[in-house]
file start22.csv (CSV, C-alpha atoms)
chain,number,residue,atom,x,y,z
C,1,MET,CA,136.1,117.7,124.0
C,2,ARG,CA,138.1,116.7,127.1
C,3,THR,CA,135.3,118.0,129.4
C,4,ASN,CA,132.7,116.0,127.4
C,5,LEU,CA,134.8,112.8,127.9
C,6,LYS,CA,135.2,113.6,131.6
C,7,TRP,CA,131.4,113.9,132.0
C,8,ARG,CA,130.8,110.7,130.1
C,9,LEU,CA,133.2,108.8,132.3
C,10,LEU,CA,131.7,110.3,135.5
C,11,ALA,CA,128.2,109.6,134.4
C,12,SER,CA,129.1,106.0,133.5
C,13,LEU,CA,130.8,105.5,136.8
C,14,LEU,CA,127.9,107.0,138.7
C,15,PHE,CA,125.3,104.9,136.9
C,16,THR,CA,127.4,101.7,137.2
C,17,SER,CA,128.0,102.2,140.9
C,18,LEU,CA,124.4,103.0,141.7
C,19,LEU,CA,123.1,99.9,139.8
C,20,THR,CA,125.8,97.7,141.4
C,21,HIS,CA,124.7,98.7,144.8
C,22,SER,CA,120.9,98.5,144.1
C,23,VAL,CA,118.6,96.5,146.3
C,24,ILE,CA,115.5,94.7,145.1
C,25,THR,CA,112.6,95.9,147.3
C,26,HIS,CA,109.5,94.6,145.6
C,27,ALA,CA,108.7,92.1,142.8
C,28,GLN,CA,105.4,90.9,141.5
C,29,THR,CA,104.0,88.7,138.8
C,30,PRO,CA,100.9,90.0,137.1
C,31,VAL,CA,97.8,87.9,137.1
C,32,THR,CA,97.2,88.2,133.4
C,33,ALA,CA,98.3,85.2,131.3
C,34,PRO,CA,99.3,85.2,127.6
C,35,ALA,CA,97.3,83.5,124.9
C,36,ALA,CA,97.0,79.7,125.1
C,37,ASP,CA,99.6,79.0,122.3
C,38,GLN,CA,102.1,81.3,124.0
C,39,THR,CA,101.7,80.1,127.6
C,40,ALA,CA,104.7,77.9,127.6
C,41,GLN,CA,107.1,80.5,126.2
C,42,PHE,CA,107.9,82.8,129.1
C,43,ARG,CA,106.7,83.7,132.6
C,44,LEU,CA,105.5,87.3,132.5
C,45,PHE,CA,106.7,89.6,135.2
C,46,SER,CA,107.0,93.2,136.6
C,47,ALA,CA,109.6,94.0,139.2
C,48,ASP,CA,110.0,97.3,140.9
C,49,TYR,CA,113.3,98.3,142.5
C,50,LEU,CA,114.6,101.0,144.9
C,51,VAL,CA,118.2,101.9,144.1
C,52,TYR,CA,120.5,102.3,147.1
C,53,ARG,CA,124.1,103.3,147.5
C,54,ALA,CA,125.8,103.3,150.9
C,55,GLY,CA,122.4,102.9,152.6
C,56,LYS,CA,120.8,105.9,150.9
C,57,ASN,CA,117.9,105.7,148.4
C,58,HIS,CA,119.0,107.3,145.0
C,59,GLY,CA,116.1,106.4,142.8
C,60,LYS,CA,113.9,103.7,141.4
C,61,ALA,CA,113.8,101.2,138.6
C,62,THR,CA,111.3,98.9,136.9
C,63,ARG,CA,111.8,95.8,134.7
C,64,TYR,CA,109.1,93.9,133.0
C,65,LEU,CA,108.0,91.3,130.4
C,66,LYS,CA,104.5,91.7,129.0
C,67,PHE,CA,102.4,90.0,126.3
C,68,ASN,CA,99.8,91.8,124.2
C,69,ASN,CA,98.5,91.5,120.6
C,70,ASP,CA,100.6,88.3,120.0
C,71,ARG,CA,103.8,90.2,120.8
C,72,TYR,CA,106.1,90.4,123.8
C,73,GLN,CA,107.4,93.6,125.2
C,74,MET,CA,110.4,93.5,127.4
C,75,GLY,CA,111.9,96.6,129.0
C,76,TYR,CA,113.1,98.6,131.9
C,77,SER,CA,113.1,102.2,133.1
C,78,SER,CA,115.2,103.9,135.8
C,79,ASP,CA,115.2,107.3,137.5
C,80,ILE,CA,118.3,107.8,139.6
C,81,SER,CA,119.9,110.9,141.1
C,82,TRP,CA,123.0,111.4,143.3
C,83,LEU,CA,124.4,114.8,144.3
C,84,ILE,CA,124.3,116.9,141.1
C,85,PHE,CA,124.0,113.9,138.8
C,86,SER,CA,120.7,112.6,137.4
C,87,ASP,CA,120.0,109.7,135.0
C,88,LYS,CA,116.6,108.7,133.5
C,89,ARG,CA,116.6,105.7,131.1
C,90,GLN,CA,114.0,103.8,129.3
C,91,GLU,CA,114.7,100.7,127.1
C,92,THR,CA,112.1,98.5,125.4
C,93,SER,CA,112.1,95.6,122.9
C,94,GLU,CA,109.1,94.3,121.1
C,95,PHE,CA,109.4,90.8,119.6
C,96,VAL,CA,107.6,87.6,118.6
C,97,VAL,CA,108.6,84.0,118.9
C,98,GLU,CA,108.5,81.6,115.9
C,99,ASN,CA,109.9,78.1,116.1
C,100,GLN,CA,111.7,78.8,119.4
C,101,GLN,CA,113.5,81.7,117.7
C,102,ILE,CA,113.1,85.3,118.9
C,103,GLN,CA,112.3,87.8,116.1
C,104,PRO,CA,112.8,91.4,117.3
C,105,LEU,CA,110.5,94.0,115.7
C,106,ASN,CA,111.3,97.2,117.5
C,107,TYR,CA,113.9,98.4,120.0
C,108,VAL,CA,114.1,101.9,121.6
C,109,MET,CA,116.5,103.3,124.2
C,110,LYS,CA,116.2,106.8,125.6
C,111,ARG,CA,118.5,108.4,128.2
C,112,GLN,CA,118.3,111.9,129.8
C,113,GLY,CA,120.1,113.5,132.6
C,114,THR,CA,123.5,114.9,133.4
C,115,GLY,CA,125.6,114.8,130.3
C,116,PRO,CA,124.3,114.3,126.7
C,117,SER,CA,120.9,112.8,126.1
C,118,ARG,CA,120.6,109.7,123.9
C,119,HIS,CA,117.9,108.2,121.7
C,120,TYR,CA,118.3,105.1,119.7
C,121,GLU,CA,115.8,103.0,117.7
C,122,LEU,CA,115.9,99.8,115.6
C,123,HIS,CA,113.0,98.7,113.5
C,124,LEU,CA,113.2,95.2,111.9
C,125,ASP,CA,110.8,94.1,109.2
C,126,PRO,CA,111.3,90.4,108.6
C,127,ALA,CA,108.7,90.2,105.8
C,128,LYS,CA,110.6,92.9,103.8
C,129,GLU,CA,114.0,91.8,105.3
C,130,GLN,CA,114.7,95.4,106.2
C,131,LEU,CA,116.5,97.0,109.2
C,132,MET,CA,115.7,100.7,109.8
C,133,VAL,CA,117.7,102.8,112.3
C,134,GLY,CA,116.9,105.9,114.3
C,135,LYS,CA,113.8,108.1,114.7
C,136,SER,CA,113.8,108.8,110.9
C,137,LYS,CA,113.9,105.0,110.2
C,138,GLU,CA,116.8,105.2,107.9
C,139,LEU,CA,117.3,102.0,105.9
C,140,LYS,CA,120.5,100.2,106.9
C,141,ALA,CA,122.4,99.0,103.9
C,142,ASN,CA,123.3,95.6,105.4
C,143,SER,CA,122.2,92.2,104.1
C,144,TRP,CA,119.4,90.8,106.2
C,145,GLN,CA,120.0,88.1,108.8
C,146,ASP,CA,117.1,86.1,110.2
C,147,ASN,CA,119.0,85.5,113.5
C,148,TRP,CA,119.5,89.1,114.5
C,149,LEU,CA,118.6,90.0,118.1
C,150,ASP,CA,118.5,93.4,119.8
C,151,PRO,CA,120.3,94.4,123.1
C,152,LEU,CA,117.3,93.2,125.2
C,153,SER,CA,115.7,90.3,123.2
C,154,TYR,CA,118.8,88.1,123.2
C,155,HIS,CA,118.2,87.6,127.0
C,156,GLN,CA,114.9,85.9,126.2
C,157,GLN,CA,116.6,83.8,123.4
C,158,LEU,CA,119.0,82.6,126.0
C,159,VAL,CA,116.1,81.5,128.2
C,160,LEU,CA,114.6,79.5,125.3
C,161,ASP,CA,118.0,77.9,124.4
C,162,LEU,CA,118.8,76.9,128.0
C,163,ARG,CA,115.3,75.3,128.3
C,164,ALA,CA,116.1,73.4,125.1
C,165,GLY,CA,119.2,71.9,126.8
C,166,LYS,CA,121.8,73.8,124.8
C,167,THR,CA,125.2,74.5,126.4
C,168,GLU,CA,126.8,76.8,123.9
C,169,PHE,CA,125.2,79.9,122.4
C,170,PHE,CA,126.1,82.4,119.6
C,171,TYR,CA,123.9,85.4,119.2
C,172,ASP,CA,124.2,88.1,116.5
C,173,VAL,CA,123.2,91.2,118.5
C,174,LEU,CA,122.5,94.5,116.9
C,175,ASN,CA,124.0,97.5,118.7
C,176,ARG,CA,122.2,100.8,118.9
C,177,ASN,CA,123.5,101.9,115.5
C,178,GLY,CA,122.4,98.7,113.7
C,179,ASN,CA,125.8,97.0,113.5
C,180,SER,CA,125.9,93.3,114.5
C,181,LYS,CA,128.3,91.8,117.0
C,182,THR,CA,128.4,88.1,117.9
C,183,TYR,CA,127.9,87.3,121.6
C,184,HIS,CA,129.3,83.9,122.7
C,185,TYR,CA,128.1,82.1,125.9
C,186,LYS,CA,128.9,78.7,127.2
C,187,VAL,CA,127.7,76.7,130.2
C,188,VAL,CA,130.8,75.7,132.0
C,189,MET,CA,129.5,74.1,135.2
C,190,GLU,CA,126.2,72.7,136.4

call {"tool": "encode", "arguments": {"input": "start22.csv", "output": "structure tokens"}}
result
Amino acid sequence: MRTNLKWRLLASLLFTSLLTHSVITHAQTPVTAPAADQTAQFRLFSADYLVYRAGKNHGKATRYLKFNNDRYQMGYSSDISWLIFSDKRQETSEFVVENQQIQPLNYVMKRQGTGPSRHYELHLDPAKEQLMVGKSKELKANSWQDNWLDPLSYHQQLVLDLRAGKTEFFYDVLNRNGNSKTYHYKVVME
């Protein structure tokens, strides 16, 4: 148990230090545009990164926002290695926008590498007011909330709210196990 905790701490420290020292090397915006009624929502993008630490390349990462079949997909992936440590991650969120409110539909996070692998899924069905968790899509016995967001989609809700001129924000963000936590942000200086 102590060794497991030690590996988790070392892996967290490694990943945090590599991302903290990463350098953007290339970013591009795709030429494709969303449907006409969705054009004003978000600017689509794809950004590729090389991850450096102390001047040495330790991997690569990609971050993107796409629009397809009337849905947005936001995500990132990374593949980092340093000494004997390795870390591959992929995180995606699929959502729609209705009345300036993000409605997440699917969220997936996968991690492989040194230490334990992880796989988390959230599936939200607003029509049935159901939240399903994990690969097996186990029904979560919570009461439904229309304002739930996932760990990625709340970033885009923040974009919408800032554009609308709001200065204080409260977001009910589901964690990887389907439990909600309120995130509070406030604009303190302009």

call {"tool": "residues_around", "arguments": {"input": "start22.csv", "residues": "Ser77 (chain C)", "least_positions_apart": "4", "cutoff": "10 Å", "atoms": "all atoms listed in the file", "output": "PyMOL selection string"}}
result
chain C and resi 48+60-64+88-92+109-111

call {"tool": "write_last_selection", "arguments": {"input": "start22.csv", "atoms": "C-alpha atoms", "output": "mmCIF file, in the frame of the given file"}}
result
data_model
loop_
_atom_site.group_PDB
_atom_site.id
_atom_site.type_symbol
_atom_site.label_atom_id
_atom_site.label_comp_id
_atom_site.auth_asym_id
_atom_site.auth_seq_id
_atom_site.Cartn_x
_atom_site.Cartn_y
_atom_site.Cartn_z
ATOM 1 C CA ASP C 48 110.000 97.300 140.900
ATOM 2 C CA LYS C 60 113.900 103.700 141.400
ATOM 3 C CA ALA C 61 113.800 101.200 138.600
ATOM 4 C CA THR C 62 111.300 98.900 136.900
ATOM 5 C CA ARG C 63 111.800 95.800 134.700
ATOM 6 C CA TYR C 64 109.100 93.900 133.000
ATOM 7 C CA LYS C 88 116.600 108.700 133.500
ATOM 8 C CA ARG C 89 116.600 105.700 131.100
ATOM 9 C CA GLN C 90 114.000 103.800 129.300
ATOM 10 C CA GLU C 91 114.700 100.700 127.100
ATOM 11 C CA THR C 92 112.100 98.500 125.400
ATOM 12 C CA MET C 109 116.500 103.300 124.200
ATOM 13 C CA LYS C 110 116.200 106.800 125.600
ATOM 14 C CA ARG C 111 118.500 108.400 128.200
#

call {"tool": "closest_residue", "arguments": {"input": "start22.csv", "among": "C:Leu122, C:Ala47, C:Met74, C:Val187", "to": "Lys140 (chain C)", "atoms": "all atoms listed in the file"}}
result
C:Leu122

call {"tool": "closest_residue", "arguments": {"input": "start22.csv", "among": "C:Phe169, C:Trp148, C:Phe45, C:Trp82", "to": "Asn106 (chain C)", "atoms": "only C-alpha atoms"}}
result
C:Trp148

call {"tool": "closest_residue", "arguments": {"input": "start22.csv", "among": "C:Met189, C:Val159, C:Ile80, C:Val51", "to": "Ile102 (chain C)", "atoms": "only C-alpha atoms"}}
result
C:Val159

call {"tool": "closest_residue", "arguments": {"input": "start22.csv", "among": "C:Glu138, C:Asn69, C:His119, C:Pro104", "to": "Val173 (chain C)", "atoms": "only C-alpha atoms"}}
result
C:Pro104

call {"tool": "closest_residue", "arguments": {"input": "start22.csv", "among": "C:His155, C:Lys186, C:His58, C:Lys66", "to": "Leu44 (chain C)", "atoms": "all atoms listed in the file"}}
result
C:Lys66

call {"tool": "residues_around", "arguments": {"input": "start22.csv", "residues": "Glu98 (chain C)", "least_positions_apart": "2", "cutoff": "12 Å", "atoms": "all atoms listed in the file", "output": "JSON, numbers by chain"}}
result
{"C": [37, 38, 41, 70, 71, 95, 96, 100, 101, 102, 103, 104, 126, 146, 147, 157, 160]}

call {"tool": "atom_distance", "arguments": {"input": "start22.csv", "atom1": "CA of Ser143 (chain C)", "atom2": "CA of Ala127 (chain C)"}}
result
13.8 Å

call {"tool": "decode", "arguments": {"input": "start22.csv", "residues": "region 74-121 of chain C", "atoms": "N, CA and C atoms", "output": "compact mmCIF listing (two decimals), in the first residue's frame"}}
result
# COMPACT_ATOMS: atom_id res chain seq x y z
N MET C 74 -14.59 18.28 -27.32
CA MET C 74 -13.40 18.94 -26.80
C MET C 74 -12.54 17.86 -26.16
N GLY C 75 -11.22 17.99 -26.33
CA GLY C 75 -10.38 16.98 -25.71
C GLY C 75 -8.91 17.28 -25.79
N TYR C 76 -8.16 16.39 -25.20
CA TYR C 76 -6.71 16.47 -25.29
C TYR C 76 -6.14 15.06 -25.19
N SER C 77 -4.92 14.93 -25.66
CA SER C 77 -4.17 13.69 -25.47
C SER C 77 -2.72 14.07 -25.24
N SER C 78 -2.02 13.24 -24.49
CA SER C 78 -0.61 13.48 -24.23
C SER C 78 0.13 12.16 -24.15
N ASP C 79 1.38 12.19 -24.55
CA ASP C 79 2.26 11.02 -24.48
C ASP C 79 3.61 11.54 -24.01
N ILE C 80 3.93 11.27 -22.74
CA ILE C 80 5.11 11.85 -22.10
C ILE C 80 5.94 10.74 -21.48
N SER C 81 7.25 10.86 -21.60
CA SER C 81 8.13 9.91 -20.90
C SER C 81 9.35 10.65 -20.38
N TRP C 82 9.84 10.19 -19.24
CA TRP C 82 11.00 10.79 -18.60
C TRP C 82 11.66 9.72 -17.75
N LEU C 83 12.92 9.44 -18.03
CA LEU C 83 13.65 8.38 -17.35
C LEU C 83 12.87 7.07 -17.47
N ILE C 84 12.46 6.49 -16.35
CA ILE C 84 11.70 5.23 -16.39
C ILE C 84 10.19 5.45 -16.33
N PHE C 85 9.75 6.71 -16.29
CA PHE C 85 8.33 7.02 -16.17
C PHE C 85 7.70 7.26 -17.54
N SER C 86 6.47 6.82 -17.69
CA SER C 86 5.71 7.11 -18.91
C SER C 86 4.28 7.43 -18.53
N ASP C 87 3.64 8.25 -19.34
CA ASP C 87 2.27 8.67 -19.06
C ASP C 87 1.57 8.99 -20.37
N LYS C 88 0.52 8.24 -20.70
CA LYS C 88 -0.32 8.51 -21.87
C LYS C 88 -1.72 8.80 -21.35
N ARG C 89 -2.27 9.93 -21.79
CA ARG C 89 -3.62 10.31 -21.35
C ARG C 89 -4.45 10.72 -22.55
N GLN C 90 -5.74 10.48 -22.41
CA GLN C 90 -6.70 10.94 -23.41
C GLN C 90 -7.97 11.30 -22.66
N GLU C 91 -8.47 12.50 -22.90
CA GLU C 91 -9.68 12.97 -22.23
C GLU C 91 -10.55 13.66 -23.27
N THR C 92 -11.83 13.28 -23.33
CA THR C 92 -12.75 13.89 -24.29
C THR C 92 -14.08 14.20 -23.63
N SER C 93 -14.72 15.23 -24.14
CA SER C 93 -16.06 15.61 -23.71
C SER C 93 -16.88 15.91 -24.95
N GLU C 94 -18.05 15.34 -25.01
CA GLU C 94 -18.98 15.61 -26.11
C GLU C 94 -20.17 16.35 -25.52
N PHE C 95 -20.55 17.48 -26.15
CA PHE C 95 -21.62 18.30 -25.59
C PHE C 95 -22.36 19.08 -26.67
N VAL C 96 -23.53 19.58 -26.30
CA VAL C 96 -24.31 20.48 -27.15
C VAL C 96 -24.52 21.78 -26.38
N VAL C 97 -24.95 22.81 -27.11
CA VAL C 97 -25.24 24.10 -26.49
C VAL C 97 -26.70 24.42 -26.75
N GLU C 98 -27.45 24.68 -25.68
CA GLU C 98 -28.86 25.06 -25.79
C GLU C 98 -29.11 26.27 -24.91
N ASN C 99 -29.56 27.36 -25.50
CA ASN C 99 -29.85 28.60 -24.77
C ASN C 99 -28.66 29.06 -23.93
N GLN C 100 -27.48 29.07 -24.55
CA GLN C 100 -26.24 29.52 -23.91
C GLN C 100 -25.84 28.68 -22.70
N GLN C 101 -26.33 27.44 -22.65
CA GLN C 101 -25.98 26.52 -21.57
C GLN C 101 -25.40 25.24 -22.18
N ILE C 102 -24.22 24.86 -21.72
CA ILE C 102 -23.59 23.61 -22.16
C ILE C 102 -24.35 22.44 -21.56
N GLN C 103 -24.65 21.44 -22.40
CA GLN C 103 -25.25 20.19 -21.93
C GLN C 103 -24.30 19.04 -22.30
N PRO C 104 -23.50 18.56 -21.34
CA PRO C 104 -22.60 17.45 -21.66
C PRO C 104 -23.38 16.17 -21.94
N LEU C 105 -22.85 15.36 -22.85
CA LEU C 105 -23.48 14.09 -23.21
C LEU C 105 -22.59 12.91 -22.84
N ASN C 106 -21.30 13.02 -23.14
CA ASN C 106 -20.35 11.94 -22.85
C ASN C 106 -19.01 12.52 -22.42
N TYR C 107 -18.39 11.87 -21.46
CA TYR C 107 -17.06 12.25 -21.00
C TYR C 107 -16.26 10.97 -20.79
N VAL C 108 -15.03 10.93 -21.32
CA VAL C 108 -14.17 9.76 -21.16
C VAL C 108 -12.76 10.23 -20.82
N MET C 109 -12.14 9.59 -19.83
CA MET C 109 -10.74 9.85 -19.48
C MET C 109 -10.03 8.51 -19.36
N LYS C 110 -8.90 8.39 -20.09
CA LYS C 110 -8.08 7.18 -20.04
C LYS C 110 -6.65 7.57 -19.73
N ARG C 111 -6.00 6.78 -18.87
CA ARG C 111 -4.60 7.02 -18.53
C ARG C 111 -3.88 5.69 -18.43
N GLN C 112 -2.70 5.61 -19.09
CA GLN C 112 -1.84 4.44 -19.03
C GLN C 112 -0.42 4.89 -18.78
N GLY C 113 0.39 4.01 -18.26
CA GLY C 113 1.80 4.32 -18.06
C GLY C 113 2.30 3.79 -16.74
N THR C 114 3.35 4.42 -16.23
CA THR C 114 3.92 4.03 -14.95
C THR C 114 2.86 4.21 -13.87
N GLY C 115 2.69 3.21 -13.05
CA GLY C 115 1.64 3.26 -12.04
C GLY C 115 0.35 2.68 -12.59
N PRO C 116 -0.73 2.79 -11.83
CA PRO C 116 -1.99 2.17 -12.24
C PRO C 116 -2.65 2.89 -13.41
N SER C 117 -3.25 2.11 -14.31
CA SER C 117 -4.03 2.68 -15.41
C SER C 117 -5.38 3.12 -14.88
N ARG C 118 -5.99 4.08 -15.56
CA ARG C 118 -7.29 4.60 -15.16
C ARG C 118 -8.20 4.69 -16.38
N HIS C 119 -9.49 4.49 -16.16
CA HIS C 119 -10.49 4.65 -17.21
C HIS C 119 -11.79 5.11 -16.54
N TYR C 120 -12.25 6.29 -16.91
CA TYR C 120 -13.48 6.85 -16.33
C TYR C 120 -14.42 7.25 -17.45
N GLU C 121 -15.70 7.05 -17.25
CA GLU C 121 -16.71 7.48 -18.23
C GLU C 121 -17.92 8.04 -17.51
